[in-house]
>>> print(open('input.tsv').read())   # TSV, C-alpha atoms
chain	number	residue	atom	x	y	z
K	1	MET	CA	130.12	120.85	115.18
K	2	LYS	CA	126.61	119.74	116.09
K	3	TYR	CA	124.73	117.57	113.62
K	4	GLN	CA	122.20	120.30	112.80
K	5	ASP	CA	125.03	122.80	112.27
K	6	LEU	CA	126.63	120.41	109.77
K	7	LEU	CA	123.33	120.08	107.90
K	8	GLU	CA	123.02	123.87	107.77
K	9	LEU	CA	126.59	124.15	106.47
K	10	LYS	CA	125.88	121.56	103.78
K	11	LYS	CA	122.73	123.42	102.77
K	12	ARG	CA	124.67	126.67	102.32
K	13	MET	CA	127.45	124.90	100.42
K	14	ASP	CA	124.91	123.36	98.02
K	15	PHE	CA	123.38	126.81	97.51
K	16	ASN	CA	126.75	128.41	96.79
K	17	LEU	CA	127.74	125.64	94.36
K	18	THR	CA	124.71	126.34	92.16
K	19	GLU	CA	125.49	128.23	88.95
K	20	PRO	CA	125.15	132.03	89.52
K	21	GLU	CA	122.91	132.54	86.47
K	22	VAL	CA	120.53	129.91	87.79
K	23	LEU	CA	120.62	131.34	91.32
K	24	VAL	CA	119.69	134.85	90.17
K	25	LYS	CA	116.52	133.61	88.47
K	26	LEU	CA	115.60	131.26	91.33
K	27	VAL	CA	116.06	133.97	93.99
K	28	GLU	CA	113.83	136.31	91.98
K	29	LYS	CA	111.16	133.61	91.77
K	30	ALA	CA	111.52	132.86	95.48
K	31	ARG	CA	110.90	136.51	96.36
K	32	SER	CA	107.84	136.59	94.11
K	33	LYS	CA	106.49	133.40	95.66
K	34	GLY	CA	107.19	134.82	99.12
K	35	GLU	CA	105.13	137.92	98.41
K	36	LYS	CA	102.25	135.77	97.21
K	37	ALA	CA	102.51	133.54	100.30
K	38	GLN	CA	102.37	136.65	102.49
K	39	LYS	CA	99.15	137.79	100.81
K	40	ASP	CA	97.66	134.31	101.17
K	41	MET	CA	98.50	134.26	104.88
K	42	ARG	CA	96.77	137.62	105.44
K	43	ARG	CA	93.69	136.37	103.62
K	44	LEU	CA	93.58	133.08	105.56
K	45	GLN	CA	94.13	134.93	108.81
K	46	GLN	CA	91.02	137.00	108.20
K	47	ILE	CA	88.99	133.95	107.18
K	48	SER	CA	90.17	131.80	110.10
K	49	SER	CA	89.24	134.57	112.54
K	50	LYS	CA	85.60	134.16	111.54
K	51	ILE	CA	85.85	130.35	111.81
K	52	ALA	CA	87.52	130.62	115.22
K	53	ASP	CA	84.61	132.72	116.52
K	54	ILE	CA	82.20	129.98	115.43
K	55	PHE	CA	84.43	127.36	117.10
K	56	GLU	CA	84.20	129.26	120.37
K	57	LYS	CA	80.44	129.68	120.05
K	58	GLU	CA	79.85	126.00	119.22
K	59	GLY	CA	82.17	124.74	121.97
K	60	LEU	CA	84.47	122.93	119.54
K	61	ILE	CA	87.64	123.99	121.36
K	62	LEU	CA	88.45	122.58	124.80
K	63	LYS	CA	91.03	123.89	127.25
K	64	GLU	CA	93.02	122.89	130.29
K	65	GLU	CA	90.15	123.11	132.73
K	66	THR	CA	88.57	120.11	130.95
K	67	LEU	CA	91.58	118.03	131.98
K	68	GLU	CA	91.86	119.20	135.59
K	69	GLN	CA	89.65	116.43	137.02
K	70	VAL	CA	91.19	113.67	134.90
K	71	LYS	CA	93.41	111.26	136.85
K	72	LEU	CA	95.67	109.11	134.69
K	73	ARG	CA	94.92	105.40	134.79
K	74	TYR	CA	98.49	104.21	134.28
K	75	LYS	CA	101.97	105.25	135.36
K	76	ARG	CA	103.66	103.19	132.67
K	77	ALA	CA	104.21	104.72	129.22
K	78	VAL	CA	105.70	103.20	126.08
K	79	GLY	CA	106.91	104.85	122.88
K	80	ILE	CA	107.17	102.83	119.65
K	81	ASP	CA	108.74	103.94	116.37
K	82	GLY	CA	110.51	102.50	113.33
K	83	SER	CA	113.03	103.84	110.82
K	84	PHE	CA	114.57	102.83	107.50
K	85	GLN	CA	116.88	104.04	104.76
K	86	LEU	CA	117.68	102.84	101.24
K	87	ALA	CA	121.14	102.39	99.78
K	88	GLY	CA	122.53	100.84	96.61
K	89	GLY	CA	120.34	100.52	93.54
K	90	ALA	CA	123.06	99.77	91.00
K	91	GLY	CA	122.08	96.66	89.08
K	92	GLY	CA	118.62	96.74	90.67
K	93	LYS	CA	119.77	95.50	94.09
K	94	TRP	CA	118.85	97.67	97.09
K	95	TYR	CA	119.67	97.33	100.77
K	96	ALA	CA	117.36	98.70	103.47
K	97	PRO	CA	118.66	99.05	107.04
K	98	ILE	CA	115.56	98.90	109.27
K	99	SER	CA	115.11	99.30	113.01
K	100	VAL	CA	112.22	99.43	115.48
K	101	ALA	CA	112.65	100.74	119.02
K	102	ARG	CA	110.51	100.78	122.15
K	103	ILE	CA	111.08	103.16	125.03
K	104	ILE	CA	109.53	101.94	128.28
K	105	PHE	CA	108.93	104.14	131.33
K	106	LYS	CA	107.99	101.48	133.84
K	107	ASN	CA	107.48	103.76	136.83
K	108	GLY	CA	106.04	106.86	135.21
K	109	PHE	CA	107.33	110.43	135.19
K	110	GLY	CA	110.91	110.95	136.22
K	111	SER	CA	111.78	107.24	136.08
K	112	GLN	CA	114.69	105.87	134.09
K	113	PRO	CA	113.53	104.71	130.64
K	114	HIS	CA	114.40	101.26	129.34
K	115	VAL	CA	115.53	101.15	125.71
K	116	ASP	CA	114.36	98.07	123.83
K	117	ILE	CA	115.63	97.72	120.26
K	118	PHE	CA	112.87	95.36	119.22
K	119	TRP	CA	114.33	94.64	115.79
K	120	ALA	CA	117.24	95.78	113.62
K	121	GLY	CA	118.44	94.31	110.34
K	122	ILE	CA	119.25	94.89	106.68
K	123	GLN	CA	116.73	93.73	104.07
K	124	GLU	CA	117.62	93.03	100.45
K	125	ILE	CA	115.17	94.39	97.89
K	126	ASP	CA	115.18	93.26	94.26
K	127	GLU	CA	113.91	96.01	91.98
K	128	THR	CA	112.47	93.48	89.52
K	129	ASP	CA	110.14	92.23	92.28
K	130	HIS	CA	109.54	95.68	93.81
K	131	PRO	CA	109.55	98.47	91.17
K	132	GLU	CA	109.25	101.03	94.00
K	133	PRO	CA	111.93	99.93	96.50
K	134	LYS	CA	111.18	102.77	98.92
K	135	ASN	CA	107.58	101.60	99.33
K	136	ALA	CA	108.78	98.03	99.86
K	137	ALA	CA	111.24	99.16	102.55
K	138	SER	CA	108.55	101.29	104.21
K	139	LEU	CA	106.19	98.33	104.36
K	140	MET	CA	108.91	96.12	105.88
K	141	MET	CA	109.53	98.75	108.54
K	142	LEU	CA	105.82	99.16	109.30
K	143	THR	CA	105.37	95.39	109.51
K	144	ALA	CA	108.16	95.20	112.09
K	145	GLU	CA	106.58	98.13	113.97
K	146	SER	CA	103.22	96.36	114.00
K	147	LYS	CA	104.90	93.25	115.44
K	148	ALA	CA	106.39	95.41	118.19
K	149	ILE	CA	102.89	96.70	119.01
K	150	LEU	CA	101.49	93.15	119.07
K	151	ASN	CA	104.36	91.91	121.22
K	152	TRP	CA	103.78	94.66	123.77
K	153	GLY	CA	100.09	93.77	123.90
K	154	THR	CA	100.91	90.12	124.67
K	155	LEU	CA	102.87	91.22	127.75
K	156	ASN	CA	99.58	92.38	129.36
K	157	LYS	CA	101.10	95.45	130.98
K	158	PRO	CA	98.56	98.30	131.30
K	159	SER	CA	100.11	101.47	129.89
K	160	PHE	CA	99.81	104.43	127.58
K	161	VAL	CA	101.22	103.28	124.25
K	162	PHE	CA	102.44	106.19	122.11
K	163	ILE	CA	102.97	105.42	118.42
K	164	ASP	CA	105.07	107.83	116.38
K	165	GLY	CA	102.68	108.41	113.48
K	166	PRO	CA	99.06	107.58	112.65
K	167	VAL	CA	97.23	104.48	113.84
K	168	VAL	CA	96.22	103.81	110.23
K	169	ASP	CA	99.65	103.56	108.63
K	170	PRO	CA	100.15	103.46	105.68
K	171	PRO	CA	97.10	105.54	104.74
K	172	VAL	CA	96.84	103.99	101.25
K	173	MET	CA	95.55	100.57	100.28
K	174	SER	CA	98.23	99.99	97.62
K	175	LEU	CA	100.94	99.65	100.26
K	176	GLY	CA	100.66	96.35	102.07
K	177	GLY	CA	97.11	95.41	101.20
K	178	GLU	CA	94.53	93.80	103.46
K	179	ASP	CA	96.94	91.19	104.88
K	180	TYR	CA	99.07	93.96	106.37
K	181	ILE	CA	95.99	95.77	107.70
K	182	LYS	CA	94.80	92.56	109.37
K	183	ASP	CA	98.16	92.04	111.09
K	184	ARG	CA	98.36	95.66	112.27
K	185	CYS	CA	94.81	95.51	113.61
K	186	GLU	CA	95.67	92.34	115.53
K	187	GLY	CA	98.54	94.17	117.23
K	188	ILE	CA	96.43	97.21	118.08
K	189	LYS	CA	93.56	95.07	119.37
K	190	LYS	CA	95.90	93.16	121.66
K	191	CYS	CA	97.24	96.41	123.10
K	192	LEU	CA	93.76	97.83	123.62
K	193	GLU	CA	92.84	94.93	125.91
K	194	LYS	CA	94.91	96.49	128.70
K	195	SER	CA	96.17	99.85	127.43
K	196	ILE	CA	95.27	103.12	125.71
K	197	VAL	CA	96.94	103.57	122.33
K	198	ILE	CA	97.73	107.08	121.05
K	199	GLY	CA	98.97	107.78	117.54
K	200	CYS	CA	100.93	111.07	117.44
K	201	VAL	CA	100.74	112.54	113.94
K	202	LYS	CA	103.23	115.37	113.51
K	203	ARG	CA	102.32	116.39	109.96
K	204	SER	CA	98.70	115.61	109.14
K	205	ARG	CA	98.02	115.91	105.41
K	206	ASP	CA	94.42	114.70	105.60
K	207	ARG	CA	91.12	116.59	105.45
K	208	PHE	CA	89.05	114.50	107.88
K	209	TYR	CA	88.28	117.34	110.21
K	210	ILE	CA	87.51	119.81	107.43
K	211	LYS	CA	84.94	117.40	105.95
K	212	TYR	CA	83.42	116.90	109.39
K	213	LEU	CA	83.20	120.67	109.93
K	214	GLU	CA	81.63	121.26	106.51
K	215	LYS	CA	78.72	119.07	107.58
K	216	LEU	CA	78.55	120.32	111.15
K	217	LEU	CA	78.70	124.01	110.17
K	218	SER	CA	76.64	123.72	106.98
K	219	ASN	CA	74.22	126.40	108.20
K	220	THR	CA	76.93	128.93	109.04
K	221	SER	CA	79.20	131.18	107.01
K	222	ALA	CA	82.20	129.02	107.98
K	223	LYS	CA	81.26	126.33	105.44
K	224	ASP	CA	82.26	128.54	102.50
K	225	TYR	CA	85.67	129.29	104.00
K	226	LEU	CA	86.82	125.80	104.98
K	227	SER	CA	87.61	124.69	101.43
K	228	GLN	CA	90.37	127.30	101.22
K	229	PHE	CA	92.53	125.40	103.72
K	230	LEU	CA	94.72	122.67	102.25
K	231	THR	CA	94.77	120.27	105.21
K	232	ASP	CA	93.33	119.81	108.68
K	233	GLN	CA	96.62	120.83	110.24
K	234	HIS	CA	96.75	123.95	108.06
K	235	LEU	CA	93.32	124.96	109.35
K	236	MET	CA	93.95	124.10	113.00
K	237	ALA	CA	97.23	126.05	113.11
K	238	TYR	CA	95.24	129.19	112.28
K	239	ILE	CA	92.33	128.35	114.60
K	240	PHE	CA	94.57	127.67	117.58
K	241	ALA	CA	96.58	130.83	116.89
K	242	HIS	CA	93.39	132.88	117.16
K	243	ALA	CA	92.43	131.14	120.40
K	244	ARG	CA	95.87	131.93	121.79
K	245	SER	CA	95.60	135.58	120.76
K	246	ARG	CA	93.13	135.88	123.63
K	247	LYS	CA	95.96	135.37	126.14
K	248	TYR	CA	95.50	131.63	126.64
K	249	PHE	CA	98.80	129.75	127.06
K	250	GLY	CA	97.87	126.27	128.30
K	251	PRO	CA	96.99	123.06	126.43
K	252	ILE	CA	94.21	123.33	123.88
K	253	PHE	CA	92.40	120.65	121.84
K	254	THR	CA	89.35	120.00	119.69
K	255	ASN	CA	86.42	117.67	120.18
K	256	TRP	CA	87.06	114.13	118.98
K	257	ILE	CA	85.48	112.83	115.77
K	258	ASP	CA	84.96	109.31	114.46
K	259	ILE	CA	86.96	108.83	111.25
K	260	SER	CA	86.30	105.11	110.78
K	261	SER	CA	83.94	105.69	107.84
K	262	VAL	CA	85.71	108.44	105.93
K	263	ASN	CA	87.39	106.29	103.25
K	264	LYS	CA	88.12	102.74	102.15
K	265	ILE	CA	91.25	102.22	104.23
K	266	TYR	CA	89.55	103.23	107.50
K	267	GLU	CA	86.58	101.06	106.66
K	268	LEU	CA	88.96	98.09	106.33
K	269	TYR	CA	90.36	98.79	109.81
K	270	LYS	CA	86.76	98.99	111.02
K	271	LYS	CA	86.09	95.64	109.33
K	272	HIS	CA	88.90	94.13	111.40
K	273	GLY	CA	87.57	95.57	114.64
K	274	ILE	CA	89.48	98.85	115.01
K	275	TYR	CA	87.52	102.11	115.19
K	276	VAL	CA	89.62	105.27	115.03
K	277	THR	CA	88.84	108.67	116.50
K	278	CYS	CA	91.00	111.76	116.13
K	279	LEU	CA	91.39	115.26	117.52
K	280	PHE	CA	93.93	118.09	117.35
K	281	PHE	CA	96.07	119.06	120.32
K	282	GLN	CA	98.59	121.80	121.10
K	283	LYS	CA	100.63	121.86	124.30
K	284	SER	CA	101.48	125.58	124.29
K	285	MET	CA	101.69	128.60	122.04
K	286	THR	CA	105.13	127.60	120.73
K	287	SER	CA	104.31	123.89	120.29
K	288	PRO	CA	103.34	122.33	116.95
K	289	VAL	CA	99.78	121.17	116.35
K	290	LEU	CA	99.50	117.39	116.78
K	291	ARG	CA	96.78	115.11	115.53
K	292	LEU	CA	96.04	112.41	118.08
K	293	ASP	CA	94.59	109.14	116.76
K	294	ILE	CA	92.84	107.13	119.48
K	295	PRO	CA	91.59	103.65	118.48
K	296	PHE	CA	88.72	101.72	120.07
K	297	LEU	CA	87.58	98.10	120.03
K	298	ASN	CA	83.93	99.17	119.72
K	299	PRO	CA	82.17	101.93	117.77
K	300	PRO	CA	82.78	105.19	119.67
K	301	GLU	CA	79.64	106.83	120.99
K	302	ASN	CA	78.93	110.30	122.31
K	303	ASP	CA	78.92	109.05	125.88
K	304	SER	CA	80.94	109.35	129.05
K	305	LYS	CA	82.89	106.13	128.42
K	306	THR	CA	84.31	107.31	125.09
K	307	ASP	CA	84.93	110.80	126.41
K	308	GLU	CA	86.78	109.40	129.42
K	309	ILE	CA	89.22	107.40	127.26
K	310	VAL	CA	89.77	110.35	124.92
K	311	LEU	CA	90.47	112.67	127.86
K	312	GLN	CA	92.86	110.08	129.30
K	313	ALA	CA	94.76	110.13	125.99
K	314	VAL	CA	94.85	113.94	125.86
K	315	LYS	CA	95.90	114.21	129.51
K	316	ALA	CA	98.68	111.65	128.99
K	317	THR	CA	99.91	113.49	125.90
K	318	ASP	CA	99.95	116.75	127.82
K	319	MET	CA	101.69	115.28	130.87
K	320	TRP	CA	104.32	113.37	128.89
K	321	THR	CA	105.19	116.40	126.75
K	322	TYR	CA	107.80	118.14	128.84
K	323	PRO	CA	108.28	121.95	128.71
K	324	GLY	CA	110.33	122.93	125.69
K	325	GLN	CA	109.59	119.68	123.83
K	326	ASP	CA	107.36	119.43	120.79
K	327	TYR	CA	106.10	115.87	121.31
K	328	PRO	CA	105.57	113.34	124.13
K	329	LEU	CA	108.90	112.18	125.56
K	330	PRO	CA	108.34	108.45	124.77
K	331	VAL	CA	107.82	109.38	121.09
K	332	ILE	CA	110.90	111.61	120.99
K	333	LEU	CA	113.15	108.96	122.53
K	334	ALA	CA	111.76	106.12	120.40
K	335	HIS	CA	112.42	108.18	117.28
K	336	GLU	CA	115.97	109.02	118.36
K	337	LYS	CA	116.86	105.46	119.32
K	338	CYS	CA	115.60	103.86	116.10
K	339	ASN	CA	116.57	106.64	113.69
K	340	ILE	CA	118.78	105.47	110.81
K	341	ARG	CA	120.30	108.44	109.03
K	342	GLU	CA	121.23	108.54	105.35
K	343	GLY	CA	124.98	108.63	106.03
K	344	CYS	CA	124.71	105.52	108.21
K	345	ALA	CA	122.97	103.63	105.41
K	346	GLN	CA	125.70	104.65	102.95
K	347	VAL	CA	128.46	103.46	105.29
K	348	LEU	CA	126.69	100.12	105.75
K	349	TYR	CA	126.34	99.75	101.99
K	350	GLU	CA	130.04	100.45	101.50
K	351	GLU	CA	130.76	97.80	104.12
K	352	ILE	CA	128.66	95.30	102.17
K	353	ILE	CA	130.55	96.14	98.97
K	354	THR	CA	133.93	96.02	100.74
K	355	LYS	CA	133.23	92.58	102.22
K	356	SER	CA	132.20	91.38	98.76
K	357	ARG	CA	135.62	92.07	97.26
K	358	THR	CA	137.73	89.28	95.81
K	359	VAL	CA	141.18	89.10	94.22
K	360	ASP	CA	139.58	88.57	90.84
K	361	PRO	CA	140.15	91.84	88.85
K	362	TYR	CA	136.97	91.23	86.86
K	363	ASN	CA	134.82	91.11	90.01
K	364	GLN	CA	136.68	94.06	91.51
K	365	LEU	CA	135.76	96.16	88.44
K	366	ILE	CA	132.08	95.21	88.80
K	367	LEU	CA	132.05	96.09	92.53
K	368	THR	CA	133.66	99.44	91.79
K	369	GLN	CA	130.84	100.23	89.38
K	370	LEU	CA	128.25	99.28	92.00
K	371	ARG	CA	129.56	101.75	94.59
>>> encode(input="input.tsv", output="structure tokens")
Amino acid sequence: MKYQDLLELKKRMDFNLTEPEVLVKLVEKARSKGEKAQKDMRRLQQISSKIADIFEKEGLILKEETLEQVKLRYKRAVGIDGSFQLAGGAGGKWYAPISVARIIFKNGFGSQPHVDIFWAGIQEIDETDHPEPKNAASLMMLTAESKAILNWGTLNKPSFVFIDGPVVDPPVMSLGGEDYIKDRCEGIKKCLEKSIVIGCVKRSRDRFYIKYLEKLLSNTSAKDYLSQFLTDQHLMAYIFAHARSRKYFGPIFTNWIDISSVNKIYELYKKHGIYVTCLFFQKSMTSPVLRLDIPFLNPPENDSKTDEIVLQAVKATDMWTYPGQDYPLPVILAHEKCNIREGCAQVLYEEIITKSRTVDPYNQLILTQLR
């Protein structure tokens, strides 16, 4: 069976193993919630139709013809991503398998990619030192990812550098602190000396664009409707759907905005010399909406230089997203090559416990309880 088929089978088994009395009540609630969600979708569809009309009028949506005259600067493309899992926990000791991969297309489209496992290891995490082990493991993974970005920058090879996730990662100050931000900015700055960096955000939970639109459209009826959308991606999924209802099937994207002054974390990146712009992009009608983060070494201005780099990033994203794929190929491959699944982490943990065994019955009993 395929991996996804196994996951589906497990899901159904878990459902069937739930107590019938509980299932009856939960299914009733699910149907009720579904009816409410359907009503909400109809309401948001009507609202977003009005916003989409204003988008068209204000020129906030750009289409394929904007990209037709753009010639890509580089053939080379690189995808960078990291992964981790947690296992253990008994007695307060956790183990975190972590990996970071780079996929390098040296000769552009159609060339054979080179797989570079930049780093792979197992980190020990003591719960007394790190009360939230998952956050600690995430930070370790992101630190290794930032080192991979810095290392690529030191190679001085002009390229499009696709990062799986946002440029500002993690998006909260409590994880990593300013020392981590400084190190990540150093890596990004080094890359930007020769390359264009593109953060591909698959599930944007922010409201940067909504806040921008509330100011931009303050004199229109759209301002009152924007607050009803939970996230930027929630809004843009509806807006793009309306644009596509007019029989447009090619790539579509929004104007870029400067998000370097929206909150404390972005201001800290700005303090360390990284200015971040973002926009929303969709390859085709069936593709997911992506947020593209495009960093700069200088404050972005509404001029041809900034626009040219942004259009380079959008064009590269469009070109490297092959038909039938949701995301740029370097991102997809980097994710697949570094991905550590939960079952793998459990097997590694069992191997650690197995290798720890001794002939002492007392220690054997303790190890059994730690499994």
>>> residues_around(input="input.tsv", residues="stretch 189-192 of chain K", least_positions_apart="2", cutoff="9 Å", atoms="only C-alpha atoms", output="list in words")
Ile149, Leu150, Asn151, Trp152, Gly153, Thr154, Leu155, Asn156, Lys157, Pro158, Ser159, Val161, Arg184, Cys185, Glu186, Gly187, Lys194, Ser195, Ile196, Val197, Gly273, Ile274, Pro295, Phe296 and Leu297 of chain K
>>> closest_residue(input="input.tsv", among="K:Glu65, K:Ile210, K:Gly324, K:Ile252", to="K:Tyr225", atoms="all atoms listed in the file")
K:Ile210
>>> residues_near_point(input="input.tsv", point="(101.3, 101.1, 138.0)", cutoff="8 Å", atoms="only C-alpha atoms", output="MDAnalysis selection string")
chainID K and resid 74:76 106:108 158
>>> closest_residue(input="input.tsv", among="K:Val201, K:Val172, K:Leu292, K:Met41", to="K:Val314", atoms="all atoms listed in the file")
K:Leu292
>>> residues_around(input="input.tsv", residues="K:Thr277", least_positions_apart="6", cutoff="9 Å", atoms="all atoms listed in the file", output="PDB file with C-alpha atoms, in the coordinates of the input")
ATOM      1  CA  TRP K 256      87.060 114.130 118.980  1.00  0.00           C
ATOM      2  CA  ILE K 257      85.480 112.830 115.770  1.00  0.00           C
ATOM      3  CA  ASP K 258      84.960 109.310 114.460  1.00  0.00           C
ATOM      4  CA  ILE K 259      86.960 108.830 111.250  1.00  0.00           C
ATOM      5  CA  SER K 260      86.300 105.110 110.780  1.00  0.00           C
ATOM      6  CA  LEU K 292      96.040 112.410 118.080  1.00  0.00           C
ATOM      7  CA  ASP K 293      94.590 109.140 116.760  1.00  0.00           C
ATOM      8  CA  ILE K 294      92.840 107.130 119.480  1.00  0.00           C
ATOM      9  CA  PRO K 295      91.590 103.650 118.480  1.00  0.00           C
ATOM     10  CA  PHE K 296      88.720 101.720 120.070  1.00  0.00           C
ATOM     11  CA  PRO K 300      82.780 105.190 119.670  1.00  0.00           C
ATOM     12  CA  VAL K 310      89.770 110.350 124.920  1.00  0.00           C
TER      13      VAL K 310
END
>>> residues_near_point(input="input.tsv", point="(114.9, 107.8, 108.3)", cutoff="9 Å", atoms="all atoms listed in the file", output="ChimeraX atom specification")
/K:82-85,98,338-342
>>> atom_distance(input="input.tsv", atom1="atom CA of K:Asn298", atom2="atom CA of K:Val70")
22.2 Å
>>> atom_distance(input="input.tsv", atom1="atom CA of K:Phe105", atom2="atom CA of K:Met285")
27.1 Å
>>> atom_distance(input="input.tsv", atom1="atom CA of K:Thr286", atom2="atom CA of K:Leu230")
21.8 Å
>>> closest_residue(input="input.tsv", among="K:Arg246, K:Lys211, K:Lys33, K:Lys202", to="K:Tyr327", atoms="only C-alpha atoms")
K:Lys202
>>> residues_around(input="input.tsv", residues="stretch 89-94 of chain K", least_positions_apart="5", cutoff="6 Å", atoms="only C-alpha atoms", output="list in words")
Glu124, Ile125, Asp126, Glu127 and Leu370 of chain K
>>> closest_residue(input="input.tsv", among="K:Lys71, K:Arg244, K:Lys337, K:Arg31", to="K:Ala120", atoms="only C-alpha atoms")
K:Lys337
>>> residues_around(input="input.tsv", residues="K:Phe162", least_positions_apart="6", cutoff="8 Å", atoms="all atoms listed in the file", output="list in words")
Ala77, Val78, Gly79, Ile80, Val197, Ile198, Gly199, Cys200, Pro330 and Val331 of chain K
>>> residues_around(input="input.tsv", residues="K:Arg43", least_positions_apart="5", cutoff="12 Å", atoms="all atoms listed in the file", output="list in words")
Lys36, Ala37, Gln38, Ser48, Ser49, Lys50, Tyr225, Gln228, Phe229 and Tyr238 of chain K
